[in-house]
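Notes for the one structure printed next.
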Amino acid sequence: MKVESYVEGDVIAITGPPGVGKSCIVDSILHRLAPAKNIAVLAVDPTSPLSGGALLGDRIRLSVLDDKTKSDSIYVRSVATRSSSGSIPSIIRDLASYLLVSNFDLVIIETVGAGQAEMRCAAIANRIVVVEGPARGDGIQAEKAGLLELADLIVVNKSDLEGSDKVVNDLTISLGLTSDAPPILKTSTVTGEGLDDLSELITRLDVRTSSKRARNRQQLLMAHESILTSNPHFEAILDRMSEEGLTLDAALRELNERPN
Ligand SMILES: Nc1nc2c(ncn2[C@@H]2O[C@H](COP(=O)(O)OP(=O)(O)OP(=O)(O)O)[C@@H](O)[C@H]2O)c(=O)[nH]1
Ligand SMILES: [Mg+2]
């Protein structure tokens with residue numbers, strides 16, 4: 001069985017903690033790169049049963065869509081992860097592949113760097129931008145979420161607010177030991193600082209060796225999971241585990257021995 005893990009082409013993930021300004025940054029990039037480029041945005045929405053569809057509406061409110069000279073070359077779609085399963089990243093991957101063969105030059109995946117499904121969605125991209133913001137007194141958020149190892153570029157947004165210099169310093173120090181540390185860029189979607197540089201950099205971003213490895217790890221885990229769950233005996237074996245006490249070891253062995 002052949003499993004496609006990643007997409008060939010220009011696919012960039014923008015990830016980071018909630019509320020750090022990812023959507024505003026995507027909006028700024030679209031304002032600068034459209035209509036010269038056809039760009040698709042896939043917003044992966046970690047919809048919780050509590051917030052319902054409210055977030056979904058929020059995600060797609062991009063000011064660039066009000067500009068008729070640009071909006072024709074932009075496609076935006078939210079994908080909810082409410083029924084969270086390993087399949088969301090493969091839906092995103094298939095969508096991204098489809099968009100790239102349908103004349104889009106660039107696919108941007110916006111995802112909150114929170115859950116596993118969202119991390120794996122980011123790993124589909126060829127390059128990952130991790131967005132960070134001024135510390136809220138509880139250390140570097142992205143570092144905690146294990147996102148930094150995936151980063152080909154780190155953006156410290158909200159540079160108009162106090163504390164962003166400290167985040168840049170902390171990040172520089174903690175990444176100083178890494179041989180191929182990603183570049184760090186300060187931005188503000190309020191003052192406009194760094195946004196021209198970001199939009200320019202994003203289309204010619206180098207892939208770091210270590211981020212590629214971190215991404216490949218996510219891809220491998222995802223591919224492995226999809227091999228297991230696409231096994232036609234998967235559900236029946238699951239039934240036997242819960243109903244007949246089939247052990248985990250025996251279940252795994254059977255899945256391996258009966259690939260179809
Ligand atoms: N001061 C300041 N506020 C900003 C900046 N960028 C975004 N914001 C504000 O931060 C809030 C969150 O912005 P979003 O772009 O929705 O953040 P997000 O990371 O996409 O949020 P989620 O998708 O919910 O994780 C909004 O109220 C923005 O107006 C900035 O550079 N400076
Ligand atoms: Mg957002």
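Residue names in the structure tokens use chain letters A, B, ... in the order shown, residue numbers from 1 in each chain, and ligand numbers from 1 in the order shown.
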
Margin query: Could you list, as a list in words, every residue within 10 Å of range 246-255 of chain A, counting only C-alpha atoms and ignoring same-chain residues fewer than 5 positions away?
Written below: Ile227, Leu228, Thr229, Asn231, Pro232, His233, Phe234, Ile237, Leu238, Asp239, Arg240, Met241 and Asn260 of chain A

With N, CA and C atoms kept, could you save the residues just selected as a JSON list (two decimals), in the first residue's frame?
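The resulting file, selection.json, is shown below:
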[["chain", "number", "residue", "atom", "x", "y", "z"],
["A", 227, "ILE", "N", -2.26, 3.31, 7.93],
["A", 227, "ILE", "CA", -2.15, 1.90, 7.51],
["A", 227, "ILE", "C", -3.00, 1.03, 8.44],
["A", 228, "LEU", "N", -2.91, 1.30, 9.73],
["A", 228, "LEU", "CA", -3.68, 0.51, 10.70],
["A", 228, "LEU", "C", -5.18, 0.72, 10.52],
["A", 229, "THR", "N", -5.59, 1.99, 10.46],
["A", 229, "THR", "CA", -7.04, 2.24, 10.45],
["A", 229, "THR", "C", -7.69, 1.90, 9.10],
["A", 231, "ASN", "N", -6.94, -0.80, 7.46],
["A", 231, "ASN", "CA", -6.99, -2.26, 7.37],
["A", 231, "ASN", "C", -8.46, -2.71, 7.46],
["A", 232, "PRO", "N", -8.93, -3.51, 6.48],
["A", 232, "PRO", "CA", -10.35, -3.87, 6.47],
["A", 232, "PRO", "C", -10.79, -4.66, 7.72],
["A", 233, "HIS", "N", -9.82, -5.23, 8.43],
["A", 233, "HIS", "CA", -10.19, -6.00, 9.64],
["A", 233, "HIS", "C", -10.17, -5.15, 10.90],
["A", 234, "PHE", "N", -9.83, -3.86, 10.74],
["A", 234, "PHE", "CA", -9.63, -3.00, 11.91],
["A", 234, "PHE", "C", -10.83, -2.99, 12.86],
["A", 237, "ILE", "N", -11.51, -6.37, 14.53],
["A", 237, "ILE", "CA", -10.52, -6.67, 15.57],
["A", 237, "ILE", "C", -10.79, -5.82, 16.81],
["A", 238, "LEU", "N", -11.20, -4.58, 16.57],
["A", 238, "LEU", "CA", -11.57, -3.68, 17.68],
["A", 238, "LEU", "C", -12.74, -4.29, 18.47],
["A", 239, "ASP", "N", -13.74, -4.82, 17.73],
["A", 239, "ASP", "CA", -14.88, -5.48, 18.39],
["A", 239, "ASP", "C", -14.41, -6.64, 19.26],
["A", 240, "ARG", "N", -13.48, -7.41, 18.69],
["A", 240, "ARG", "CA", -13.02, -8.60, 19.45],
["A", 240, "ARG", "C", -12.21, -8.19, 20.67],
["A", 241, "MET", "N", -11.55, -7.04, 20.59],
["A", 241, "MET", "CA", -10.82, -6.55, 21.78],
["A", 241, "MET", "C", -11.81, -6.22, 22.89],
["A", 260, "ASN", "N", -4.81, -7.23, 4.23],
["A", 260, "ASN", "CA", -6.04, -6.93, 3.48],
["A", 260, "ASN", "C", -6.95, -8.15, 3.38]]

Item checked: Test item: residues no farther than 7 Å from ligand 2, counting only C-alpha atoms and all ligand atoms, as a VMD selection string -> chain A and resid 19 21 to 23 59 110

Checklist line | Nearby residues, ligand 1, 8 Å, only C-alpha atoms and all ligand atoms, as a PyMOL selection string | finding: chain A and resi 15-26+45+55+58-59+110-112+131+157-161+187-192

Would you write out, as a tab-separated table, a table of all residues in range 88-114 of chain A that have an atom no more than 9 Å from an atom of range 123-128 of chain A, listing for each the closest atom pair and the distance in Å to one decimal, considering only C-alpha atoms and ordering rows by chain and rising residue number?
residue	atom	partner	partner_atom	distance
A:Pro89	CA	A:Ile124	CA	7.3
A:Ser90	CA	A:Ile124	CA	8.5
A:Ile92	CA	A:Ile124	CA	8.0
A:Arg93	CA	A:Ile124	CA	6.2
A:Ala96	CA	A:Ala125	CA	8.9
A:Val107	CA	A:Ala125	CA	8.6
A:Ile108	CA	A:Ala125	CA	8.4
A:Ile109	CA	A:Ala125	CA	7.6

For the residues in that selection, give me C-alpha atoms as a PDB file, in the first residue's frame.
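As written to disk, part08.pdb reads:
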ATOM      1  CA  PRO A  89      -4.501  15.719   8.351  1.00  0.00           C
ATOM      2  CA  SER A  90      -5.080  13.448   5.362  1.00  0.00           C
ATOM      3  CA  ILE A  92      -5.969  18.642   4.525  1.00  0.00           C
ATOM      4  CA  ARG A  93      -3.214  16.918   2.571  1.00  0.00           C
ATOM      5  CA  ALA A  96      -3.737  20.943  -0.574  1.00  0.00           C
ATOM      6  CA  VAL A 107      -1.375  26.919  -0.050  1.00  0.00           C
ATOM      7  CA  ILE A 108      -1.288  28.335   3.466  1.00  0.00           C
ATOM      8  CA  ILE A 109      -2.453  26.105   6.294  1.00  0.00           C
TER       9      ILE A 109
END

Next item on the list: Name the residues in contact with range 169-173 of chain A at a cut-off of 12 Å, using only C-alpha atoms, excluding same-chain residues fewer than 2 positions from it; report them as a ChimeraX atom specification.
Entry: /A:130-135,139-143,148,153-156,163-167,175-178,181-186

Export of prior selection with N, CA and C atoms as a tab-separated table (two decimals), in the first residue's frame:
chain	number	residue	atom	x	y	z
A	130	VAL	N	6.33	29.26	12.73
A	130	VAL	CA	5.75	29.23	14.07
A	130	VAL	C	5.62	30.66	14.57
A	131	VAL	N	4.40	31.03	14.94
A	131	VAL	CA	4.16	32.40	15.42
A	131	VAL	C	4.11	32.40	16.94
A	132	GLU	N	4.82	33.35	17.51
A	132	GLU	CA	4.89	33.49	18.96
A	132	GLU	C	4.50	34.93	19.29
A	133	GLY	N	4.13	35.17	20.53
A	133	GLY	CA	3.76	36.54	20.91
A	133	GLY	C	4.45	36.91	22.20
A	134	PRO	N	4.23	38.15	22.66
A	134	PRO	CA	4.84	38.57	23.91
A	134	PRO	C	4.43	37.62	25.03
A	135	ALA	N	5.38	37.29	25.87
A	135	ALA	CA	5.11	36.32	26.94
A	135	ALA	C	4.01	36.83	27.85
A	139	GLY	N	6.27	31.89	30.28
A	139	GLY	CA	7.30	31.29	29.44
A	139	GLY	C	6.93	31.25	27.98
A	140	ILE	N	7.80	30.67	27.20
A	140	ILE	CA	7.58	30.63	25.76
A	140	ILE	C	6.55	29.56	25.43
A	141	GLN	N	5.43	30.03	24.86
A	141	GLN	CA	4.31	29.12	24.59
A	141	GLN	C	4.66	28.04	23.58
A	142	ALA	N	5.27	28.46	22.47
A	142	ALA	CA	5.54	27.51	21.40
A	142	ALA	C	6.54	26.45	21.84
A	143	GLU	N	7.45	26.87	22.72
A	143	GLU	CA	8.46	25.94	23.21
A	143	GLU	C	7.78	24.83	24.01
A	148	LEU	N	8.68	24.43	18.39
A	148	LEU	CA	9.87	25.09	17.86
A	148	LEU	C	10.71	24.17	16.97
A	153	LEU	N	10.90	29.06	10.31
A	153	LEU	CA	10.95	30.50	10.59
A	153	LEU	C	10.11	30.74	11.84
A	154	ILE	N	10.62	31.59	12.72
A	154	ILE	CA	9.84	31.96	13.89
A	154	ILE	C	9.45	33.43	13.76
A	155	VAL	N	8.17	33.70	13.91
A	155	VAL	CA	7.69	35.08	13.87
A	155	VAL	C	7.27	35.46	15.29
A	156	VAL	N	7.82	36.55	15.79
A	156	VAL	CA	7.33	37.07	17.07
A	156	VAL	C	6.42	38.24	16.74
A	163	GLY	N	7.19	43.51	25.82
A	163	GLY	CA	7.54	42.12	26.10
A	163	GLY	C	8.00	41.33	24.89
A	164	SER	N	7.80	41.91	23.68
A	164	SER	CA	8.18	41.11	22.51
A	164	SER	C	9.71	41.01	22.36
A	165	ASP	N	10.42	42.07	22.77
A	165	ASP	CA	11.89	42.00	22.71
A	165	ASP	C	12.43	40.89	23.61
A	166	LYS	N	11.79	40.76	24.75
A	166	LYS	CA	12.22	39.71	25.68
A	166	LYS	C	12.00	38.32	25.07
A	167	VAL	N	10.88	38.16	24.38
A	167	VAL	CA	10.61	36.87	23.73
A	167	VAL	C	11.67	36.59	22.67
A	175	LEU	N	17.70	29.01	21.24
A	175	LEU	CA	18.01	28.38	19.95
A	175	LEU	C	19.49	28.50	19.62
A	176	GLY	N	20.19	29.30	20.42
A	176	GLY	CA	21.61	29.56	20.15
A	176	GLY	C	22.45	28.30	20.08
A	177	LEU	N	22.02	27.26	20.77
A	177	LEU	CA	22.79	26.02	20.81
A	177	LEU	C	22.54	25.16	19.58
A	178	THR	N	21.46	25.45	18.87
A	178	THR	CA	21.13	24.66	17.69
A	178	THR	C	22.00	25.09	16.52
A	181	ALA	N	19.64	26.97	13.58
A	181	ALA	CA	18.50	27.68	14.19
A	181	ALA	C	17.70	28.44	13.12
A	182	PRO	N	16.38	28.44	13.23
A	182	PRO	CA	15.56	29.17	12.26
A	182	PRO	C	15.69	30.69	12.47
A	183	PRO	N	15.52	31.46	11.40
A	183	PRO	CA	15.53	32.92	11.57
A	183	PRO	C	14.35	33.36	12.43
A	184	ILE	N	14.53	34.48	13.12
A	184	ILE	CA	13.44	35.04	13.93
A	184	ILE	C	13.09	36.41	13.37
A	185	LEU	N	11.81	36.64	13.16
A	185	LEU	CA	11.36	37.91	12.58
A	185	LEU	C	10.32	38.53	13.49
A	186	LYS	N	10.47	39.83	13.75
A	186	LYS	CA	9.48	40.54	14.57
A	186	LYS	C	8.44	41.18	13.68

Margin query: Residues near Leu95 in chain A, anyone? I mean within 12 Å using only C-alpha atoms, not counting same-chain ones fewer than 6 positions away, as an MDAnalysis selection string.
Written below: chainID A and resid 6:7 11 40:44 75:79 88:89 101:102 104 107:109 121 124:125

Please, could you write that set of residues out with C-alpha atoms as an mmCIF file, in the first residue's frame?
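Below is the file that was written, selection34.cif:
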data_model
loop_
_atom_site.group_PDB
_atom_site.id
_atom_site.type_symbol
_atom_site.label_atom_id
_atom_site.label_comp_id
_atom_site.auth_asym_id
_atom_site.auth_seq_id
_atom_site.Cartn_x
_atom_site.Cartn_y
_atom_site.Cartn_z
ATOM 1 C CA TYR A 6 3.280 15.137 2.197
ATOM 2 C CA VAL A 7 2.458 17.415 -0.645
ATOM 3 C CA VAL A 11 2.567 24.559 1.084
ATOM 4 C CA ALA A 40 -5.482 29.111 -0.961
ATOM 5 C CA VAL A 41 -5.891 29.248 2.808
ATOM 6 C CA LEU A 42 -6.954 26.198 4.768
ATOM 7 C CA ALA A 43 -7.859 27.120 8.321
ATOM 8 C CA VAL A 44 -7.822 24.083 10.554
ATOM 9 C CA TYR A 75 -9.642 30.757 -1.786
ATOM 10 C CA VAL A 76 -10.375 30.293 1.919
ATOM 11 C CA ARG A 77 -11.764 27.211 3.534
ATOM 12 C CA SER A 78 -12.170 26.171 7.159
ATOM 13 C CA VAL A 79 -11.830 22.548 8.114
ATOM 14 C CA ILE A 88 -8.150 15.317 9.387
ATOM 15 C CA PRO A 89 -4.501 15.719 8.351
ATOM 16 C CA VAL A 101 -2.915 21.096 -9.308
ATOM 17 C CA SER A 102 -5.873 23.490 -9.682
ATOM 18 C CA PHE A 104 -2.970 27.722 -6.890
ATOM 19 C CA VAL A 107 -1.375 26.919 -0.050
ATOM 20 C CA ILE A 108 -1.288 28.335 3.466
ATOM 21 C CA ILE A 109 -2.453 26.105 6.294
ATOM 22 C CA CYS A 121 -1.717 19.215 9.728
ATOM 23 C CA ILE A 124 1.909 18.230 5.782
ATOM 24 C CA ALA A 125 3.432 21.532 4.686
#

Check: Mind pulling up the distance from CA of Ser199 in chain A to CA of Ser211 in chain A?
Finding: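 Atom-to-atom, CA of Ser211 in chain A to CA of Ser199 in chain A, that is 20.5 Å.
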
Give me the residues within 10 Å of Arg32 in chain A as a CSV table (one decimal) with N, CA and C atoms, in the first residue's frame, counting only C-alpha atoms and dropping any in the same chain fewer than 2 places off.
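Contents of the output file out26.csv:
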chain,number,residue,atom,x,y,z
A,26,VAL,N,-1.8,36.0,8.2
A,26,VAL,CA,-2.2,35.4,6.9
A,26,VAL,C,-2.9,36.5,6.1
A,27,ASP,N,-3.7,37.3,6.7
A,27,ASP,CA,-4.4,38.4,6.0
A,27,ASP,C,-3.4,39.4,5.4
A,28,SER,N,-2.4,39.7,6.2
A,28,SER,CA,-1.3,40.7,5.8
A,28,SER,C,-0.5,40.1,4.6
A,29,ILE,N,-0.3,38.8,4.7
A,29,ILE,CA,0.5,38.1,3.6
A,29,ILE,C,-0.3,38.1,2.3
A,30,LEU,N,-1.6,37.8,2.4
A,30,LEU,CA,-2.5,37.8,1.3
A,30,LEU,C,-2.6,39.2,0.6
A,34,ALA,N,-1.3,38.7,-3.1
A,34,ALA,CA,-2.4,38.6,-4.1
A,34,ALA,C,-2.5,40.0,-4.8
A,35,PRO,N,-2.9,40.0,-6.0
A,35,PRO,CA,-3.3,38.9,-6.9
A,35,PRO,C,-2.2,38.3,-7.8
A,36,ALA,N,-0.9,38.8,-7.5
A,36,ALA,CA,0.2,38.2,-8.3
A,36,ALA,C,0.2,36.7,-8.1
A,37,LYS,N,-0.1,36.2,-7.0
A,37,LYS,CA,-0.1,34.8,-6.7
A,37,LYS,C,-1.6,34.4,-6.4
A,64,VAL,N,-8.8,41.1,3.5
A,64,VAL,CA,-8.4,41.0,2.1
A,64,VAL,C,-9.5,40.6,1.2
A,70,LYS,N,-8.2,41.7,-5.3
A,70,LYS,CA,-7.4,40.6,-4.8
A,70,LYS,C,-8.2,39.3,-4.5
A,195,LEU,N,6.1,43.0,8.2
A,195,LEU,CA,5.2,42.3,7.3
A,195,LEU,C,5.6,42.2,5.9
A,196,ASP,N,6.3,43.2,5.3
A,196,ASP,CA,6.8,43.2,4.0
A,196,ASP,C,7.9,42.1,3.9
A,198,LEU,N,8.3,39.5,5.9
A,198,LEU,CA,7.7,38.2,6.1
A,198,LEU,C,7.1,37.7,4.8
A,199,SER,N,6.4,38.6,4.1
A,199,SER,CA,5.7,38.2,2.9
A,199,SER,C,6.7,37.8,1.8
A,200,GLU,N,7.9,38.5,1.8
A,200,GLU,CA,8.9,38.2,0.9
A,200,GLU,C,9.6,36.9,1.2

Next item on the list: Work out how far apart CA of Ala122 in chain A and CA of Ser226 in chain A are and give it in Å to one decimal.
Entry: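 Separation between CA of Ala122 in chain A and CA of Ser226 in chain A: 17.0 Å.
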